[in-house]
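Visitor: Have a peek at structure_25.tsv (TSV, N, CA and C atoms).
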chain	number	residue	atom	x	y	z
A	934	MET	N	-55.01	5.69	17.59
A	934	MET	CA	-53.94	5.39	16.66
A	934	MET	C	-54.32	5.76	15.23
A	935	ARG	N	-55.55	5.53	14.88
A	935	ARG	CA	-55.99	5.82	13.52
A	935	ARG	C	-55.85	7.31	13.21
A	936	GLN	N	-56.22	8.19	14.14
A	936	GLN	CA	-56.12	9.62	13.90
A	936	GLN	C	-54.67	10.03	13.68
A	937	ARG	N	-53.76	9.47	14.45
A	937	ARG	CA	-52.36	9.82	14.30
A	937	ARG	C	-51.84	9.39	12.93
A	938	GLN	N	-52.23	8.23	12.46
A	938	GLN	CA	-51.77	7.78	11.15
A	938	GLN	C	-52.31	8.65	10.04
A	939	GLN	N	-53.51	9.17	10.20
A	939	GLN	CA	-54.07	10.02	9.17
A	939	GLN	C	-53.33	11.35	9.08
A	940	ARG	N	-52.78	11.83	10.19
A	940	ARG	CA	-52.03	13.09	10.17
A	940	ARG	C	-50.67	12.93	9.50
A	941	ARG	N	-50.12	11.73	9.54
A	941	ARG	CA	-48.80	11.52	8.98
A	941	ARG	C	-48.89	11.47	7.46
A	942	LYS	N	-47.99	12.17	6.83
A	942	LYS	CA	-48.00	12.23	5.38
A	942	LYS	C	-46.66	11.75	4.85
A	943	THR	N	-46.69	11.04	3.75
A	943	THR	CA	-45.43	10.65	3.12
A	943	THR	C	-44.93	11.83	2.32
A	944	ASN	N	-43.71	12.21	2.59
A	944	ASN	CA	-43.11	13.37	1.94
A	944	ASN	C	-41.68	13.05	1.55
A	945	SER	N	-41.05	14.05	0.98
A	945	SER	CA	-39.60	13.99	0.81
A	945	SER	C	-39.05	15.27	1.43
A	946	ALA	N	-37.84	15.17	1.92
A	946	ALA	CA	-37.23	16.31	2.62
A	946	ALA	C	-35.82	16.54	2.09
A	947	ASP	N	-35.39	17.78	2.17
A	947	ASP	CA	-33.99	18.13	1.89
A	947	ASP	C	-33.34	18.45	3.23
A	948	ILE	N	-32.18	17.85	3.48
A	948	ILE	CA	-31.47	18.04	4.74
A	948	ILE	C	-30.25	18.92	4.47
A	949	TYR	N	-30.16	20.02	5.19
A	949	TYR	CA	-29.06	20.97	5.05
A	949	TYR	C	-28.22	20.95	6.31
A	950	ARG	N	-26.91	21.13	6.12
A	950	ARG	CA	-25.97	21.13	7.25
A	950	ARG	C	-25.01	22.31	7.08
A	951	ARG	N	-24.58	22.85	8.20
A	951	ARG	CA	-23.63	23.96	8.17
A	951	ARG	C	-22.32	23.47	7.58
A	952	GLY	N	-21.78	24.20	6.61
A	952	GLY	CA	-20.53	23.80	5.98
A	952	GLY	C	-19.87	24.97	5.29
A	953	LYS	N	-18.67	24.76	4.85
A	953	LYS	CA	-17.90	25.80	4.17
A	953	LYS	C	-18.48	25.99	2.76
A	954	VAL	N	-18.76	27.24	2.42
A	954	VAL	CA	-19.32	27.54	1.10
A	954	VAL	C	-18.37	28.38	0.25
A	955	GLY	N	-17.25	28.78	0.80
A	955	GLY	CA	-16.30	29.58	0.04
A	955	GLY	C	-15.34	30.30	0.97
A	956	GLU	N	-14.70	31.32	0.40
A	956	GLU	CA	-13.77	32.14	1.17
A	956	GLU	C	-14.06	33.60	0.89
A	957	ASN	N	-13.78	34.44	1.88
A	957	ASN	CA	-13.97	35.87	1.67
A	957	ASN	C	-12.75	36.45	0.97
A	958	GLU	N	-12.73	37.76	0.83
A	958	GLU	CA	-11.66	38.42	0.06
A	958	GLU	C	-10.28	38.30	0.69
A	959	ILE	N	-10.18	37.97	1.97
A	959	ILE	CA	-8.86	37.79	2.60
A	959	ILE	C	-8.54	36.31	2.87
A	960	GLY	N	-9.32	35.43	2.27
A	960	GLY	CA	-9.01	34.01	2.35
A	960	GLY	C	-9.57	33.26	3.55
A	961	GLU	N	-10.41	33.92	4.35
A	961	GLU	CA	-11.01	33.24	5.49
A	961	GLU	C	-12.22	32.42	5.01
A	962	PRO	N	-12.44	31.28	5.65
A	962	PRO	CA	-13.59	30.47	5.22
A	962	PRO	C	-14.92	31.15	5.52
A	963	VAL	N	-15.87	30.97	4.62
A	963	VAL	CA	-17.23	31.47	4.79
A	963	VAL	C	-18.13	30.24	4.92
A	964	TYR	N	-18.97	30.25	5.96
A	964	TYR	CA	-19.84	29.10	6.22
A	964	TYR	C	-21.29	29.45	5.95
A	965	GLY	N	-22.03	28.46	5.52
A	965	GLY	CA	-23.46	28.61	5.24
A	965	GLY	C	-24.11	27.25	5.31
A	966	TRP	N	-25.36	27.16	4.88
A	966	TRP	CA	-26.08	25.89	4.88
A	966	TRP	C	-25.94	25.25	3.51
A	967	VAL	N	-25.44	24.04	3.49
A	967	VAL	CA	-25.26	23.32	2.23
A	967	VAL	C	-26.11	22.05	2.25
A	968	LEU	N	-26.54	21.65	1.09
A	968	LEU	CA	-27.36	20.45	0.97
A	968	LEU	C	-26.53	19.22	1.33
A	969	ALA	N	-26.94	18.52	2.40
A	969	ALA	CA	-26.24	17.31	2.82
A	969	ALA	C	-26.88	16.08	2.20
A	970	ASN	N	-28.19	16.12	2.01
A	970	ASN	CA	-28.93	14.99	1.49
A	970	ASN	C	-30.23	15.50	0.90
A	971	GLY	N	-30.47	15.26	-0.36
A	971	GLY	CA	-31.67	15.79	-1.00
A	971	GLY	C	-32.69	14.72	-1.32
A	972	ASP	N	-33.95	15.12	-1.33
A	972	ASP	CA	-35.07	14.27	-1.71
A	972	ASP	C	-35.11	12.96	-0.92
A	973	VAL	N	-35.02	13.08	0.40
A	973	VAL	CA	-35.03	11.92	1.29
A	973	VAL	C	-36.48	11.60	1.65
A	974	ARG	N	-36.93	10.37	1.44
A	974	ARG	CA	-38.29	9.96	1.78
A	974	ARG	C	-38.47	10.01	3.30
A	975	CYS	N	-39.64	10.46	3.74
A	975	CYS	CA	-39.88	10.59	5.17
A	975	CYS	C	-41.38	10.58	5.47
A	976	MET	N	-41.69	10.44	6.74
A	976	MET	CA	-43.06	10.61	7.24
A	976	MET	C	-43.03	11.84	8.12
A	977	PHE	N	-43.80	12.85	7.76
A	977	PHE	CA	-43.77	14.14	8.43
A	977	PHE	C	-45.03	14.33	9.27
A	978	ASP	N	-44.86	14.67	10.53
A	978	ASP	CA	-45.97	14.96	11.43
A	978	ASP	C	-45.79	16.39	11.91
A	979	ASP	N	-46.55	17.31	11.32
A	979	ASP	CA	-46.34	18.73	11.60
A	979	ASP	C	-47.15	19.24	12.79
A	980	GLU	N	-47.85	18.37	13.49
A	980	GLU	CA	-48.68	18.83	14.60
A	980	GLU	C	-47.96	18.62	15.93
A	981	SER	N	-47.44	19.70	16.48
A	981	SER	CA	-46.85	19.61	17.81
A	981	SER	C	-47.97	19.77	18.84
A	982	THR	N	-47.76	19.20	20.00
A	982	THR	CA	-48.78	19.28	21.05
A	982	THR	C	-48.15	19.80	22.33
A	983	GLU	N	-48.94	20.48	23.12
A	983	GLU	CA	-48.48	20.98	24.41
A	983	GLU	C	-49.61	20.79	25.41
A	984	PHE	N	-49.29	20.27	26.58
A	984	PHE	CA	-50.30	20.06	27.60
A	984	PHE	C	-49.65	20.11	28.98
A	985	VAL	N	-50.49	20.21	30.00
A	985	VAL	CA	-50.02	20.23	31.39
A	985	VAL	C	-50.46	18.92	32.03
A	986	ARG	N	-49.51	18.21	32.64
A	986	ARG	CA	-49.84	16.95	33.31
A	986	ARG	C	-50.67	17.23	34.55
A	987	GLU	N	-51.75	16.49	34.70
A	987	GLU	CA	-52.64	16.71	35.84
A	987	GLU	C	-51.98	16.31	37.16
A	988	ASP	N	-51.19	15.24	37.15
A	988	ASP	CA	-50.61	14.75	38.41
A	988	ASP	C	-49.49	15.63	38.95
A	989	SER	N	-48.69	16.23	38.06
A	989	SER	CA	-47.54	17.00	38.54
A	989	SER	C	-47.61	18.49	38.18
A	990	GLY	N	-48.50	18.85	37.28
A	990	GLY	CA	-48.58	20.24	36.84
A	990	GLY	C	-47.48	20.62	35.87
A	991	GLU	N	-46.68	19.64	35.46
A	991	GLU	CA	-45.56	19.88	34.54
A	991	GLU	C	-46.09	20.14	33.14
A	992	ARG	N	-45.49	21.13	32.46
A	992	ARG	CA	-45.85	21.43	31.08
A	992	ARG	C	-45.04	20.49	30.17
A	993	VAL	N	-45.73	19.80	29.30
A	993	VAL	CA	-45.10	18.84	28.39
A	993	VAL	C	-45.34	19.30	26.97
A	994	GLN	N	-44.28	19.30	26.17
A	994	GLN	CA	-44.41	19.69	24.77
A	994	GLN	C	-43.85	18.58	23.90
A	995	THR	N	-44.64	18.14	22.95
A	995	THR	CA	-44.20	17.17	21.96
A	995	THR	C	-44.03	17.93	20.65
A	996	PRO	N	-42.81	18.03	20.14
A	996	PRO	CA	-42.59	18.83	18.95
A	996	PRO	C	-43.06	18.12	17.68
A	997	ALA	N	-43.15	18.89	16.62
A	997	ALA	CA	-43.36	18.29	15.30
A	997	ALA	C	-42.20	17.34	15.06
A	998	SER	N	-42.41	16.35	14.20
A	998	SER	CA	-41.33	15.38	13.97
A	998	SER	C	-41.36	14.88	12.54
A	999	VAL	N	-40.24	14.30	12.16
A	999	VAL	CA	-40.13	13.65	10.87
A	999	VAL	C	-39.39	12.33	11.09
A	1000	THR	N	-39.86	11.28	10.43
A	1000	THR	CA	-39.25	9.96	10.58
A	1000	THR	C	-38.64	9.55	9.25
A	1001	PHE	N	-37.37	9.17	9.31
A	1001	PHE	CA	-36.61	8.74	8.14
A	1001	PHE	C	-36.29	7.25	8.24
A	1002	ALA	N	-35.85	6.67	7.15
A	1002	ALA	CA	-35.38	5.29	7.15
A	1002	ALA	C	-34.13	5.18	8.01
A	1003	PHE	N	-33.75	3.98	8.34
A	1003	PHE	CA	-32.64	3.72	9.27
A	1003	PHE	C	-31.31	4.32	8.82
A	1004	ASP	N	-31.11	4.49	7.53
A	1004	ASP	CA	-29.81	4.93	7.03
A	1004	ASP	C	-29.75	6.43	6.72
A	1005	ALA	N	-30.74	7.18	7.16
A	1005	ALA	CA	-30.75	8.62	6.86
A	1005	ALA	C	-29.63	9.34	7.61
A	1006	ASP	N	-28.99	10.26	6.91
A	1006	ASP	CA	-27.92	11.06	7.50
A	1006	ASP	C	-28.51	12.37	8.00
A	1007	VAL	N	-29.00	12.36	9.24
A	1007	VAL	CA	-29.59	13.55	9.84
A	1007	VAL	C	-29.00	13.71	11.24
A	1008	GLU	N	-28.68	14.97	11.58
A	1008	GLU	CA	-28.04	15.26	12.86
A	1008	GLU	C	-28.75	16.43	13.54
A	1009	GLU	N	-28.58	16.50	14.86
A	1009	GLU	CA	-29.11	17.63	15.61
A	1009	GLU	C	-28.49	18.90	15.05
A	1010	SER	N	-29.27	19.94	14.92
A	1010	SER	CA	-28.91	21.27	14.41
A	1010	SER	C	-28.92	21.35	12.89
A	1011	ASP	N	-29.23	20.26	12.18
A	1011	ASP	CA	-29.44	20.34	10.73
A	1011	ASP	C	-30.69	21.17	10.47
A	1012	ARG	N	-30.84	21.63	9.24
A	1012	ARG	CA	-32.06	22.29	8.79
A	1012	ARG	C	-32.75	21.36	7.80
A	1013	ILE	N	-34.06	21.28	7.89
A	1013	ILE	CA	-34.82	20.41	7.00
A	1013	ILE	C	-35.88	21.23	6.30
A	1014	ASN	N	-35.99	21.04	5.00
A	1014	ASN	CA	-37.04	21.67	4.21
A	1014	ASN	C	-38.02	20.58	3.80
A	1015	VAL	N	-39.26	20.70	4.31
A	1015	VAL	CA	-40.33	19.77	3.95
A	1015	VAL	C	-41.48	20.60	3.40
A	1016	ALA	N	-41.87	20.31	2.18
A	1016	ALA	CA	-43.01	20.99	1.55
A	1016	ALA	C	-42.87	22.51	1.58
A	1017	GLY	N	-41.64	23.01	1.43
A	1017	GLY	CA	-41.41	24.44	1.38
A	1017	GLY	C	-41.26	25.13	2.73
A	1018	ASP	N	-41.42	24.39	3.82
A	1018	ASP	CA	-41.28	24.97	5.15
A	1018	ASP	C	-39.95	24.54	5.75
A	1019	TRP	N	-39.33	25.45	6.52
A	1019	TRP	CA	-38.02	25.19	7.11
A	1019	TRP	C	-38.13	24.86	8.59
A	1020	TYR	N	-37.36	23.85	9.02
A	1020	TYR	CA	-37.35	23.42	10.42
A	1020	TYR	C	-35.91	23.18	10.86
A	1021	SER	N	-35.66	23.38	12.16
A	1021	SER	CA	-34.39	23.02	12.77
A	1021	SER	C	-34.57	21.70	13.49
A	1022	VAL	N	-33.58	20.82	13.37
A	1022	VAL	CA	-33.63	19.54	14.07
A	1022	VAL	C	-33.19	19.76	15.51
A	1023	THR	N	-34.05	19.41	16.46
A	1023	THR	CA	-33.75	19.62	17.87
A	1023	THR	C	-33.16	18.38	18.53
A	1024	GLY	N	-33.24	17.26	17.86
A	1024	GLY	CA	-32.69	16.02	18.39
A	1024	GLY	C	-33.11	14.85	17.52
A	1025	THR	N	-32.38	13.75	17.63
A	1025	THR	CA	-32.71	12.55	16.87
A	1025	THR	C	-32.90	11.38	17.82
A	1026	ASN	N	-33.74	10.46	17.42
A	1026	ASN	CA	-34.04	9.30	18.24
A	1026	ASN	C	-34.16	8.07	17.34
A	1027	PRO	N	-33.14	7.21	17.33
A	1027	PRO	CA	-33.24	5.99	16.51
A	1027	PRO	C	-34.20	4.99	17.14
A	1028	THR	N	-34.98	4.31	16.32
A	1028	THR	CA	-35.87	3.25	16.77
A	1028	THR	C	-35.22	1.93	16.45
A	1029	ARG	N	-35.09	1.08	17.47
A	1029	ARG	CA	-34.40	-0.20	17.31
A	1029	ARG	C	-35.38	-1.37	17.27
A	1030	ASP	N	-35.03	-2.36	16.46
A	1030	ASP	CA	-35.70	-3.65	16.49
A	1030	ASP	C	-34.86	-4.49	17.44
A	1031	HIS	N	-35.34	-4.69	18.65
A	1031	HIS	CA	-34.54	-5.36	19.68
A	1031	HIS	C	-34.34	-6.84	19.40
A	1032	ARG	N	-35.19	-7.42	18.58
A	1032	ARG	CA	-35.00	-8.83	18.22
A	1032	ARG	C	-33.77	-9.02	17.34
A	1033	ARG	N	-33.50	-8.02	16.51
A	1033	ARG	CA	-32.36	-8.12	15.59
A	1033	ARG	C	-31.22	-7.17	15.94
A	1034	SER	N	-31.42	-6.35	16.96
A	1034	SER	CA	-30.43	-5.35	17.38
A	1034	SER	C	-30.02	-4.43	16.23
A	1035	THR	N	-31.01	-3.99	15.46
A	1035	THR	CA	-30.73	-3.08	14.35
A	1035	THR	C	-31.63	-1.85	14.47
A	1036	ILE	N	-31.17	-0.76	13.89
A	1036	ILE	CA	-31.97	0.46	13.82
A	1036	ILE	C	-32.89	0.35	12.62
A	1037	VAL	N	-34.19	0.60	12.82
A	1037	VAL	CA	-35.15	0.49	11.73
A	1037	VAL	C	-35.62	1.84	11.21
A	1038	SER	N	-35.51	2.89	12.02
A	1038	SER	CA	-35.87	4.23	11.57
A	1038	SER	C	-35.23	5.26	12.51
A	1039	VAL	N	-35.22	6.51	12.06
A	1039	VAL	CA	-34.69	7.61	12.86
A	1039	VAL	C	-35.73	8.72	12.88
A	1040	GLU	N	-36.16	9.10	14.09
A	1040	GLU	CA	-37.11	10.19	14.23
A	1040	GLU	C	-36.36	11.44	14.66
A	1041	ALA	N	-36.66	12.56	14.01
A	1041	ALA	CA	-36.04	13.83	14.33
A	1041	ALA	C	-37.09	14.79	14.86
A	1042	GLY	N	-36.85	15.36	16.05
A	1042	GLY	CA	-37.72	16.40	16.58
A	1042	GLY	C	-37.45	17.70	15.85
A	1043	LEU	N	-38.48	18.48	15.60
A	1043	LEU	CA	-38.34	19.69	14.80
A	1043	LEU	C	-38.94	20.90	15.50
A	1044	GLU	N	-38.38	22.05	15.20
A	1044	GLU	CA	-39.03	23.31	15.56
A	1044	GLU	C	-38.93	24.21	14.35
A	1045	GLU	N	-39.93	25.06	14.19
A	1045	GLU	CA	-39.93	25.95	13.03
A	1045	GLU	C	-38.69	26.81	13.06
A	1046	SER	N	-38.11	27.01	11.90
A	1046	SER	CA	-36.86	27.75	11.78
A	1046	SER	C	-37.14	29.21	11.47
A	1047	ASP	N	-36.35	30.09	12.06
A	1047	ASP	CA	-36.45	31.52	11.82
A	1047	ASP	C	-35.99	31.83	10.39
A	1048	ALA	N	-36.79	32.57	9.68
A	1048	ALA	CA	-36.46	32.89	8.28
A	1048	ALA	C	-35.11	33.58	8.16
A	1049	LEU	N	-34.72	34.43	9.12
A	1049	LEU	CA	-33.44	35.11	9.05
A	1049	LEU	C	-32.27	34.13	9.20
A	1050	ASP	N	-32.47	33.05	9.97
A	1050	ASP	CA	-31.42	32.05	10.12
A	1050	ASP	C	-31.19	31.29	8.83
A	1051	ASP	N	-32.19	31.24	7.98
A	1051	ASP	CA	-32.11	30.48	6.73
A	1051	ASP	C	-31.65	31.35	5.56
A	1052	ALA	N	-31.35	32.61	5.81
A	1052	ALA	CA	-31.04	33.53	4.73
A	1052	ALA	C	-29.78	33.12	3.97
A	1053	ASP	N	-28.87	32.39	4.61
A	1053	ASP	CA	-27.62	32.04	3.93
A	1053	ASP	C	-27.62	30.61	3.42
A	1054	ILE	N	-28.79	30.02	3.20
A	1054	ILE	CA	-28.83	28.67	2.63
A	1054	ILE	C	-28.39	28.72	1.19
A	1055	VAL	N	-27.52	27.82	0.85
A	1055	VAL	CA	-26.98	27.75	-0.49
A	1055	VAL	C	-27.69	26.63	-1.23
A	1056	GLU	N	-28.38	26.95	-2.29
A	1056	GLU	CA	-29.06	25.94	-3.09
A	1056	GLU	C	-28.07	25.33	-4.08
A	1057	ASP	N	-28.08	24.01	-4.18
A	1057	ASP	CA	-27.21	23.34	-5.16
A	1057	ASP	C	-27.95	23.04	-6.44
What is this structure when it is put down as structure tokens?
Guide:
Amino acid sequence: MRQRQQRRKTNSADIYRRGKVGENEIGEPVYGWVLANGDVRCMFDDESTEFVREDSGERVQTPASVTFAFDADVEESDRINVAGDWYSVTGTNPTRDHRRSTIVSVEAGLEESDALDDADIVED
């Protein structure tokens, strides 16, 4: 447990979501990545792991992840910029406090994003 905590770093992230950024010359909407939430505090774990289970031979991959506070607005397929690196959100997993039936944090699985996919990010 101690090693895992040492890998986790407190960071801030910018969350981008696909949205309308304007219109082309004939009035059709143009879509790109727009800032949905900026400078969001998070815990970033950039070390993904991959291994083969001895009992079944199944390949298991644990992706890089980022954990946000319970009220973070993050969705699957968002783009996240942490420390200058771009990631795609592959899924979200809320962590619940079952004693109070409340969400206490949201973990997002990440995969590195292709630089060409990020070419149309609109900075605000």
Visitor: Figure out the distance between CA of Glu1009 (chain A) and atom N of Arg1033 (chain A), please, to one decimal in Å.
Guide: 26.0 Å
Visitor: Can you list, as a ChimeraX atom specification, all residues belonging to chain A that DSSP tags as strand (DSSP E)?
Guide: /A:942-956,962-978,982-985,992-995,997-1002,1012-1015,1018-1030,1035-1045
Visitor: If you measure from atom C of Met976 (chain A) to atom C of Thr1023 (chain A), what distance in Å do you get, rounded to one decimal?
Guide: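 Answer for the atom C of Met976 (chain A) to atom C of Thr1023 (chain A) separation: 15.8 Å.
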Visitor: Determine, counting only N, CA and C atoms, which protein, DNA and RNA residues have an atom within 6 Å of an atom of Phe1003 (chain A); residues of the same chain fewer than 5 positions away are not included. Present the result as a list in words.
Guide: Ile1036, Val1037, Ser1038 and Val1039 of chain A
Visitor: Report, in Å with one decimal, the straight-line distance from atom N of Arg950 (chain A) to atom N of Asn970 (chain A).
Guide: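 Here the two named atoms are 6.6 Å from each other.
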Visitor: Which residue, A:Gly955, A:Asp979, A:Ala946, A:Ser1046, has the smallest gap to Thr995 (chain A) when you use only C-alpha atoms?
Guide: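 Comparing A:Gly955, A:Asp979, A:Ala946, A:Ser1046 against Thr995 (chain A), the winner is A:Asp979.
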Visitor: Please identify all polymer residues lying at most 8 Å from the point (-34.2, 24.6, 19.0) (file coordinates), using all atoms listed in the file, and present the result as a PyMOL selection string.
Guide: chain A and resi 1010+1021-1024+1043-1045
Visitor: Here's a test: counting all atoms listed in the file, identify every protein, DNA and RNA residue with an atom at most 7 Å from (-21.1, 22.9, 6.3) in the file's coordinate frame, and state them as number ranges by chain.
Guide: A: 950-954, 964-967
Visitor: Nearest residue to Thr1028 (chain A) out of A:Asp978, A:Glu991, A:Glu1040, A:Asp1006, using all atoms listed in the file?
Guide: A:Glu1040
Visitor: Select, from A:Asp947, A:Asp1030, A:Asp972, A:Glu980, the residue with the minimum atom-to-atom distance to Val1015 (chain A), counting only N, CA and C atoms.
Guide: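 Once distances to Val1015 (chain A) are computed over only N, CA and C atoms, the minimum belongs to A:Asp947.
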